[in-house]
Amino acid sequence: MYARANASLGINGTVLNNVNASPLILSAEYLEKVKALAGLFRPYGIKVYLSINFSSPAELGGLDTSDSMDPAVQKWWKAKTKEIYTLIPDFGGFLVKANSEELLGHQDFGRSHVDGANMIADALKPFKGIVMWRAFVYEPEDDDRAKQAYQEFVPFDGQFRDNVIIQVKNGPVDFQPREPFSPLFGAMKKTPTMVEFQITQEYTGFSNHLNYLAPIWKECLESDTWQQGEGSTVARVTDGSVYPQKLTAIAGVANIGDGTNWCGHHFAQSNWYAFGRLAWDHQLTSEEIAGE
């Protein structure tokens, strides 16, 4: 039922676990569960993806380090990726949250975003898998969190592998009810970027209030970055219209739960629906989608 509902909106991929991933998701026991779900979703045109924990080589594989530049770590990721594709030949790839909210990452070993992302990308490349590398990184003591992702990622523009796409929250802070679009959109001219929207209502009433989110998303998508003159909107920057992008994508932090009406509040499905519609046609108006 979940697969059919997503397919009805054109949603063609799902990340099965939270970005605050446990290394156990890559264990043989859990990969069998992933294989089972992939089999259920496949007839509906939906690929499965996994969030990974950057410390998995040490915590799951028993290595002394998870340093992306360590040959043993690189070998471990390549072997684990091959194991996954042996079970799931059409596996989509990995979503990575590292060095944010106290999760271990590449920077703990003195490495850059490029070092970390490219190491994972190299493991996926033979299987045509992709890396969605999240730009949500910050240090709690930083004096201006809104600028940190821009400062960390723009210097590396053009250095990522061609199967890496940078996943950027719509705003530069953290899904706030009101904030401008992230300055990373448009600034990354040689690296694909994708929008990450929050379908679940973390800061807009949880699942207890009626809050139609399409207007917020439309505001972001229609905002002009002016990076290549007028009309360089966030939507056109991320759909490949402004810069030639091999990869294009849009992500939504889902609000689907185990309630009989899927989303808790009776009207909350409207946000799940609106996300799917805007993913393929950002020119639709909020009013049109609400009418549907």
# chains A, B, ... in the order shown; residues from 1 in each chain; ligands from 1

$ residues_around --residues "Phe197 in chain A" --least-positions-apart "6" --cutoff "8 Å" --atoms "only C-alpha atoms" --output "number ranges by chain"
A: 169-170, 175, 217, 250-253

$ residues_around --residues "Gln148 in chain A" --least-positions-apart "2" --cutoff "10 Å" --atoms "only C-alpha atoms" --output "list of chain:residue names"
A:Ala135, A:Phe136, A:Val137, A:Tyr138, A:Glu139, A:Asp142, A:Asp143, A:Asp144, A:Arg145, A:Ala146, A:Tyr150, A:Gln151, A:Glu152, A:Phe153, A:Pro172, A:Val173

$ select_by_dssp --residues "range 136-244 of chain A" --states "strand (DSSP E)" --output "PyMOL selection string"
chain A and resi 164-169+193-198

$ write_last_selection --atoms "N, CA, C and O atoms" --output "compact mmCIF listing (two decimals), in the first residue's frame"
# COMPACT_ATOMS: atom_id res chain seq x y z
N VAL A 164 27.86 11.86 -7.27
CA VAL A 164 27.57 12.52 -5.98
C VAL A 164 26.63 13.69 -6.23
O VAL A 164 26.84 14.48 -7.16
N ILE A 165 25.59 13.79 -5.43
CA ILE A 165 24.71 14.95 -5.46
C ILE A 165 24.60 15.49 -4.04
O ILE A 165 24.48 14.73 -3.08
N ILE A 166 24.72 16.81 -3.90
CA ILE A 166 24.69 17.44 -2.57
C ILE A 166 23.24 17.74 -2.20
O ILE A 166 22.53 18.45 -2.91
N GLN A 167 22.80 17.20 -1.07
CA GLN A 167 21.42 17.36 -0.61
C GLN A 167 21.35 18.51 0.38
O GLN A 167 21.94 18.44 1.46
N VAL A 168 20.60 19.55 0.02
CA VAL A 168 20.59 20.82 0.75
C VAL A 168 19.20 21.10 1.29
O VAL A 168 18.23 21.12 0.52
N LYS A 169 19.09 21.33 2.59
CA LYS A 169 17.80 21.75 3.14
C LYS A 169 17.35 23.05 2.50
O LYS A 169 18.16 23.89 2.13
N THR A 193 23.08 19.78 -7.07
CA THR A 193 22.46 19.97 -5.76
C THR A 193 20.99 19.57 -5.85
O THR A 193 20.38 19.64 -6.91
N MET A 194 20.46 19.14 -4.74
CA MET A 194 19.06 18.75 -4.67
C MET A 194 18.43 19.38 -3.43
O MET A 194 19.10 19.60 -2.42
N VAL A 195 17.15 19.69 -3.52
CA VAL A 195 16.42 20.28 -2.39
C VAL A 195 15.97 19.18 -1.44
O VAL A 195 15.53 18.11 -1.87
N GLU A 196 16.07 19.46 -0.16
CA GLU A 196 15.50 18.58 0.87
C GLU A 196 14.41 19.37 1.59
O GLU A 196 14.70 20.37 2.26
N PHE A 197 13.16 18.95 1.43
CA PHE A 197 12.04 19.56 2.12
C PHE A 197 11.63 18.71 3.32
O PHE A 197 11.90 17.50 3.36
N GLN A 198 10.96 19.35 4.27
CA GLN A 198 10.46 18.60 5.43
C GLN A 198 8.95 18.46 5.30
O GLN A 198 8.20 19.42 5.50

$ atom_distance --atom1 "CA of Gly92 in chain A" --atom2 "CA of Lys35 in chain A"
12.2 Å

$ closest_residue --among "A:Gly205, A:Pro57, A:Gly240, A:Gly186" --to "Lys75 in chain A" --atoms "only C-alpha atoms"
A:Pro57

$ select_by_dssp --residues "range 79-253 of chain A" --states "helix (DSSP H, G or I)" --output "PDB file with N, CA and C atoms, in the first residue's frame"
ATOM      1  N   ALA A  79      33.644  -3.804  -0.505  1.00  0.00           N
ATOM      2  CA  ALA A  79      33.137  -5.162  -0.270  1.00  0.00           C
ATOM      3  C   ALA A  79      31.688  -5.125   0.209  1.00  0.00           C
ATOM      4  N   LYS A  80      31.382  -4.195   1.109  1.00  0.00           N
ATOM      5  CA  LYS A  80      30.016  -4.088   1.627  1.00  0.00           C
ATOM      6  C   LYS A  80      29.055  -3.672   0.520  1.00  0.00           C
ATOM      7  N   THR A  81      29.477  -2.763  -0.327  1.00  0.00           N
ATOM      8  CA  THR A  81      28.627  -2.319  -1.430  1.00  0.00           C
ATOM      9  C   THR A  81      28.371  -3.469  -2.402  1.00  0.00           C
ATOM     10  N   LYS A  82      29.395  -4.241  -2.700  1.00  0.00           N
ATOM     11  CA  LYS A  82      29.219  -5.407  -3.576  1.00  0.00           C
ATOM     12  C   LYS A  82      28.242  -6.401  -2.956  1.00  0.00           C
ATOM     13  N   GLU A  83      28.343  -6.584  -1.640  1.00  0.00           N
ATOM     14  CA  GLU A  83      27.423  -7.482  -0.929  1.00  0.00           C
ATOM     15  C   GLU A  83      25.976  -7.025  -1.108  1.00  0.00           C
ATOM     16  N   ILE A  84      25.755  -5.717  -0.993  1.00  0.00           N
ATOM     17  CA  ILE A  84      24.406  -5.171  -1.132  1.00  0.00           C
ATOM     18  C   ILE A  84      23.873  -5.400  -2.545  1.00  0.00           C
ATOM     19  N   TYR A  85      24.689  -5.104  -3.554  1.00  0.00           N
ATOM     20  CA  TYR A  85      24.224  -5.245  -4.932  1.00  0.00           C
ATOM     21  C   TYR A  85      24.067  -6.697  -5.351  1.00  0.00           C
ATOM     22  N   THR A  86      24.748  -7.598  -4.689  1.00  0.00           N
ATOM     23  CA  THR A  86      24.523  -9.020  -4.940  1.00  0.00           C
ATOM     24  C   THR A  86      23.119  -9.409  -4.501  1.00  0.00           C
ATOM     25  N   LEU A  87      22.671  -8.810  -3.403  1.00  0.00           N
ATOM     26  CA  LEU A  87      21.319  -9.069  -2.894  1.00  0.00           C
ATOM     27  C   LEU A  87      20.269  -8.264  -3.642  1.00  0.00           C
ATOM     28  N   HIS A 106      33.922  12.211   8.274  1.00  0.00           N
ATOM     29  CA  HIS A 106      35.229  12.359   7.651  1.00  0.00           C
ATOM     30  C   HIS A 106      36.097  13.406   8.330  1.00  0.00           C
ATOM     31  N   GLN A 107      35.467  14.477   8.837  1.00  0.00           N
ATOM     32  CA  GLN A 107      36.238  15.567   9.438  1.00  0.00           C
ATOM     33  C   GLN A 107      36.902  15.159  10.746  1.00  0.00           C
ATOM     34  N   ASP A 108      36.386  14.115  11.371  1.00  0.00           N
ATOM     35  CA  ASP A 108      37.012  13.618  12.599  1.00  0.00           C
ATOM     36  C   ASP A 108      38.381  13.012  12.325  1.00  0.00           C
ATOM     37  N   PHE A 109      38.657  12.739  11.054  1.00  0.00           N
ATOM     38  CA  PHE A 109      39.951  12.190  10.667  1.00  0.00           C
ATOM     39  C   PHE A 109      40.762  13.206   9.855  1.00  0.00           C
ATOM     40  N   HIS A 113      34.947  17.079   2.813  1.00  0.00           N
ATOM     41  CA  HIS A 113      33.722  16.520   2.251  1.00  0.00           C
ATOM     42  C   HIS A 113      34.023  15.744   0.970  1.00  0.00           C
ATOM     43  N   VAL A 114      34.934  16.246   0.175  1.00  0.00           N
ATOM     44  CA  VAL A 114      35.308  15.570  -1.065  1.00  0.00           C
ATOM     45  C   VAL A 114      35.910  14.205  -0.771  1.00  0.00           C
ATOM     46  N   ASP A 115      36.809  14.130   0.211  1.00  0.00           N
ATOM     47  CA  ASP A 115      37.428  12.856   0.582  1.00  0.00           C
ATOM     48  C   ASP A 115      36.373  11.827   0.986  1.00  0.00           C
ATOM     49  N   GLY A 116      35.442  12.264   1.842  1.00  0.00           N
ATOM     50  CA  GLY A 116      34.425  11.346   2.336  1.00  0.00           C
ATOM     51  C   GLY A 116      33.446  10.918   1.264  1.00  0.00           C
ATOM     52  N   ALA A 117      32.913  11.894   0.534  1.00  0.00           N
ATOM     53  CA  ALA A 117      31.897  11.590  -0.476  1.00  0.00           C
ATOM     54  C   ALA A 117      32.470  10.763  -1.620  1.00  0.00           C
ATOM     55  N   ASN A 118      33.660  11.113  -2.074  1.00  0.00           N
ATOM     56  CA  ASN A 118      34.239  10.408  -3.215  1.00  0.00           C
ATOM     57  C   ASN A 118      34.618   8.970  -2.881  1.00  0.00           C
ATOM     58  N   MET A 119      35.013   8.740  -1.629  1.00  0.00           N
ATOM     59  CA  MET A 119      35.322   7.372  -1.226  1.00  0.00           C
ATOM     60  C   MET A 119      34.079   6.485  -1.332  1.00  0.00           C
ATOM     61  N   ILE A 120      32.940   6.997  -0.847  1.00  0.00           N
ATOM     62  CA  ILE A 120      31.691   6.245  -0.946  1.00  0.00           C
ATOM     63  C   ILE A 120      31.259   6.119  -2.409  1.00  0.00           C
ATOM     64  N   ALA A 121      31.438   7.198  -3.161  1.00  0.00           N
ATOM     65  CA  ALA A 121      31.041   7.197  -4.573  1.00  0.00           C
ATOM     66  C   ALA A 121      31.827   6.173  -5.377  1.00  0.00           C
ATOM     67  N   ASP A 122      33.104   6.037  -5.076  1.00  0.00           N
ATOM     68  CA  ASP A 122      33.938   5.072  -5.798  1.00  0.00           C
ATOM     69  C   ASP A 122      33.468   3.637  -5.561  1.00  0.00           C
ATOM     70  N   ALA A 123      32.980   3.372  -4.350  1.00  0.00           N
ATOM     71  CA  ALA A 123      32.469   2.029  -4.054  1.00  0.00           C
ATOM     72  C   ALA A 123      31.184   1.744  -4.830  1.00  0.00           C
ATOM     73  N   LEU A 124      30.372   2.786  -5.061  1.00  0.00           N
ATOM     74  CA  LEU A 124      29.091   2.626  -5.737  1.00  0.00           C
ATOM     75  C   LEU A 124      29.192   2.672  -7.255  1.00  0.00           C
ATOM     76  N   LYS A 125      30.233   3.303  -7.757  1.00  0.00           N
ATOM     77  CA  LYS A 125      30.357   3.582  -9.191  1.00  0.00           C
ATOM     78  C   LYS A 125      30.203   2.350 -10.074  1.00  0.00           C
ATOM     79  N   PRO A 126      30.836   1.217  -9.779  1.00  0.00           N
ATOM     80  CA  PRO A 126      30.700   0.048 -10.662  1.00  0.00           C
ATOM     81  C   PRO A 126      29.266  -0.449 -10.799  1.00  0.00           C
ATOM     82  N   PHE A 127      28.415  -0.090  -9.833  1.00  0.00           N
ATOM     83  CA  PHE A 127      27.037  -0.574  -9.815  1.00  0.00           C
ATOM     84  C   PHE A 127      26.034   0.514 -10.206  1.00  0.00           C
ATOM     85  N   ARG A 145      25.488  29.822  12.116  1.00  0.00           N
ATOM     86  CA  ARG A 145      25.218  28.525  11.517  1.00  0.00           C
ATOM     87  C   ARG A 145      24.698  28.643  10.088  1.00  0.00           C
ATOM     88  N   ALA A 146      24.021  29.754   9.778  1.00  0.00           N
ATOM     89  CA  ALA A 146      23.398  29.907   8.464  1.00  0.00           C
ATOM     90  C   ALA A 146      24.415  29.944   7.328  1.00  0.00           C
ATOM     91  N   LYS A 147      25.648  30.301   7.633  1.00  0.00           N
ATOM     92  CA  LYS A 147      26.652  30.428   6.577  1.00  0.00           C
ATOM     93  C   LYS A 147      27.598  29.235   6.494  1.00  0.00           C
ATOM     94  N   GLN A 148      27.510  28.309   7.448  1.00  0.00           N
ATOM     95  CA  GLN A 148      28.534  27.278   7.548  1.00  0.00           C
ATOM     96  C   GLN A 148      28.548  26.337   6.354  1.00  0.00           C
ATOM     97  N   ALA A 149      27.375  25.874   5.906  1.00  0.00           N
ATOM     98  CA  ALA A 149      27.342  24.946   4.781  1.00  0.00           C
ATOM     99  C   ALA A 149      27.927  25.591   3.533  1.00  0.00           C
ATOM    100  N   TYR A 150      27.609  26.872   3.322  1.00  0.00           N
ATOM    101  CA  TYR A 150      28.159  27.596   2.168  1.00  0.00           C
ATOM    102  C   TYR A 150      29.679  27.647   2.242  1.00  0.00           C
ATOM    103  N   GLN A 151      30.189  27.977   3.413  1.00  0.00           N
ATOM    104  CA  GLN A 151      31.639  28.102   3.581  1.00  0.00           C
ATOM    105  C   GLN A 151      32.344  26.759   3.393  1.00  0.00           C
ATOM    106  N   GLU A 152      31.690  25.678   3.806  1.00  0.00           N
ATOM    107  CA  GLU A 152      32.329  24.364   3.746  1.00  0.00           C
ATOM    108  C   GLU A 152      32.271  23.726   2.365  1.00  0.00           C
ATOM    109  N   PHE A 153      31.205  23.999   1.596  1.00  0.00           N
ATOM    110  CA  PHE A 153      31.001  23.265   0.348  1.00  0.00           C
ATOM    111  C   PHE A 153      31.438  24.012  -0.905  1.00  0.00           C
ATOM    112  N   VAL A 154      31.235  25.309  -0.960  1.00  0.00           N
ATOM    113  CA  VAL A 154      31.538  26.049  -2.193  1.00  0.00           C
ATOM    114  C   VAL A 154      33.007  25.900  -2.621  1.00  0.00           C
ATOM    115  N   PRO A 155      33.971  25.912  -1.692  1.00  0.00           N
ATOM    116  CA  PRO A 155      35.367  25.735  -2.126  1.00  0.00           C
ATOM    117  C   PRO A 155      35.643  24.401  -2.832  1.00  0.00           C
ATOM    118  N   PHE A 156      34.773  23.418  -2.643  1.00  0.00           N
ATOM    119  CA  PHE A 156      34.978  22.103  -3.254  1.00  0.00           C
ATOM    120  C   PHE A 156      34.151  21.909  -4.527  1.00  0.00           C
ATOM    121  N   LEU A 184      23.533  27.938  -0.896  1.00  0.00           N
ATOM    122  CA  LEU A 184      24.238  26.924  -1.692  1.00  0.00           C
ATOM    123  C   LEU A 184      23.578  26.730  -3.051  1.00  0.00           C
ATOM    124  N   PHE A 185      22.249  26.966  -3.134  1.00  0.00           N
ATOM    125  CA  PHE A 185      21.557  26.811  -4.409  1.00  0.00           C
ATOM    126  C   PHE A 185      22.050  27.866  -5.394  1.00  0.00           C
ATOM    127  N   GLY A 186      22.590  27.420  -6.482  1.00  0.00           N
ATOM    128  CA  GLY A 186      23.125  28.332  -7.485  1.00  0.00           C
ATOM    129  C   GLY A 186      24.606  28.579  -7.326  1.00  0.00           C
ATOM    130  N   ALA A 187      25.093  28.551  -6.075  1.00  0.00           N
ATOM    131  CA  ALA A 187      26.519  28.805  -5.844  1.00  0.00           C
ATOM    132  C   ALA A 187      27.371  27.612  -6.270  1.00  0.00           C
ATOM    133  N   ALA A 214       2.700  23.350   1.016  1.00  0.00           N
ATOM    134  CA  ALA A 214       3.043  23.663  -0.374  1.00  0.00           C
ATOM    135  C   ALA A 214       3.430  25.135  -0.578  1.00  0.00           C
ATOM    136  N   PRO A 215       2.786  26.112   0.067  1.00  0.00           N
ATOM    137  CA  PRO A 215       3.207  27.511  -0.140  1.00  0.00           C
ATOM    138  C   PRO A 215       4.660  27.768   0.273  1.00  0.00           C
ATOM    139  N   ILE A 216       5.122  27.150   1.359  1.00  0.00           N
ATOM    140  CA  ILE A 216       6.522  27.311   1.775  1.00  0.00           C
ATOM    141  C   ILE A 216       7.452  26.731   0.717  1.00  0.00           C
ATOM    142  N   TRP A 217       7.110  25.546   0.220  1.00  0.00           N
ATOM    143  CA  TRP A 217       7.955  24.902  -0.785  1.00  0.00           C
ATOM    144  C   TRP A 217       7.952  25.689  -2.086  1.00  0.00           C
ATOM    145  N   LYS A 218       6.788  26.188  -2.471  1.00  0.00           N
ATOM    146  CA  LYS A 218       6.708  26.987  -3.688  1.00  0.00           C
ATOM    147  C   LYS A 218       7.552  28.252  -3.560  1.00  0.00           C
ATOM    148  N   GLU A 219       7.525  28.882  -2.398  1.00  0.00           N
ATOM    149  CA  GLU A 219       8.314  30.087  -2.186  1.00  0.00           C
ATOM    150  C   GLU A 219       9.793  29.809  -2.393  1.00  0.00           C
ATOM    151  N   CYS A 220      10.254  28.678  -1.867  1.00  0.00           N
ATOM    152  CA  CYS A 220      11.655  28.305  -2.036  1.00  0.00           C
ATOM    153  C   CYS A 220      11.969  28.021  -3.506  1.00  0.00           C
ATOM    154  N   LEU A 221      11.162  27.190  -4.140  1.00  0.00           N
ATOM    155  CA  LEU A 221      11.432  26.781  -5.515  1.00  0.00           C
ATOM    156  C   LEU A 221      11.416  27.964  -6.482  1.00  0.00           C
ATOM    157  N   GLU A 222      10.571  28.948  -6.201  1.00  0.00           N
ATOM    158  CA  GLU A 222      10.441  30.088  -7.103  1.00  0.00           C
ATOM    159  C   GLU A 222      11.410  31.219  -6.778  1.00  0.00           C
ATOM    160  N   VAL A 234      15.613  28.509  -7.699  1.00  0.00           N
ATOM    161  CA  VAL A 234      16.052  27.284  -7.025  1.00  0.00           C
ATOM    162  C   VAL A 234      15.552  26.063  -7.789  1.00  0.00           C
ATOM    163  N   ALA A 235      14.313  26.118  -8.278  1.00  0.00           N
ATOM    164  CA  ALA A 235      13.760  24.988  -9.034  1.00  0.00           C
ATOM    165  C   ALA A 235      14.585  24.711 -10.281  1.00  0.00           C
ATOM    166  N   ARG A 236      14.937  25.747 -11.026  1.00  0.00           N
ATOM    167  CA  ARG A 236      15.663  25.564 -12.289  1.00  0.00           C
ATOM    168  C   ARG A 236      17.139  25.243 -12.048  1.00  0.00           C
ATOM    169  N   VAL A 237      17.681  25.697 -10.924  1.00  0.00           N
ATOM    170  CA  VAL A 237      19.063  25.351 -10.572  1.00  0.00           C
ATOM    171  C   VAL A 237      19.167  23.855 -10.255  1.00  0.00           C
ATOM    172  N   THR A 238      18.151  23.311  -9.619  1.00  0.00           N
ATOM    173  CA  THR A 238      18.215  21.920  -9.161  1.00  0.00           C
ATOM    174  C   THR A 238      17.611  20.927 -10.134  1.00  0.00           C
TER     175      THR A 238
END

$ closest_residue --among "A:Leu210, A:Leu26, A:Met1, A:Leu247" --to "Ser56 in chain A" --atoms "only C-alpha atoms"
A:Leu26

$ closest_residue --among "A:Leu16, A:Leu24, A:Leu104, A:Ala7" --to "Ser55 in chain A" --atoms "only C-alpha atoms"
A:Leu104

$ atom_distance --atom1 "CA of Trp226 in chain A" --atom2 "CA of Leu213 in chain A"
24.8 Å

$ closest_residue --among "A:Gln201, A:Ser51, A:Asn163, A:Gln283" --to "Lys246 in chain A" --atoms "only C-alpha atoms"
A:Asn163
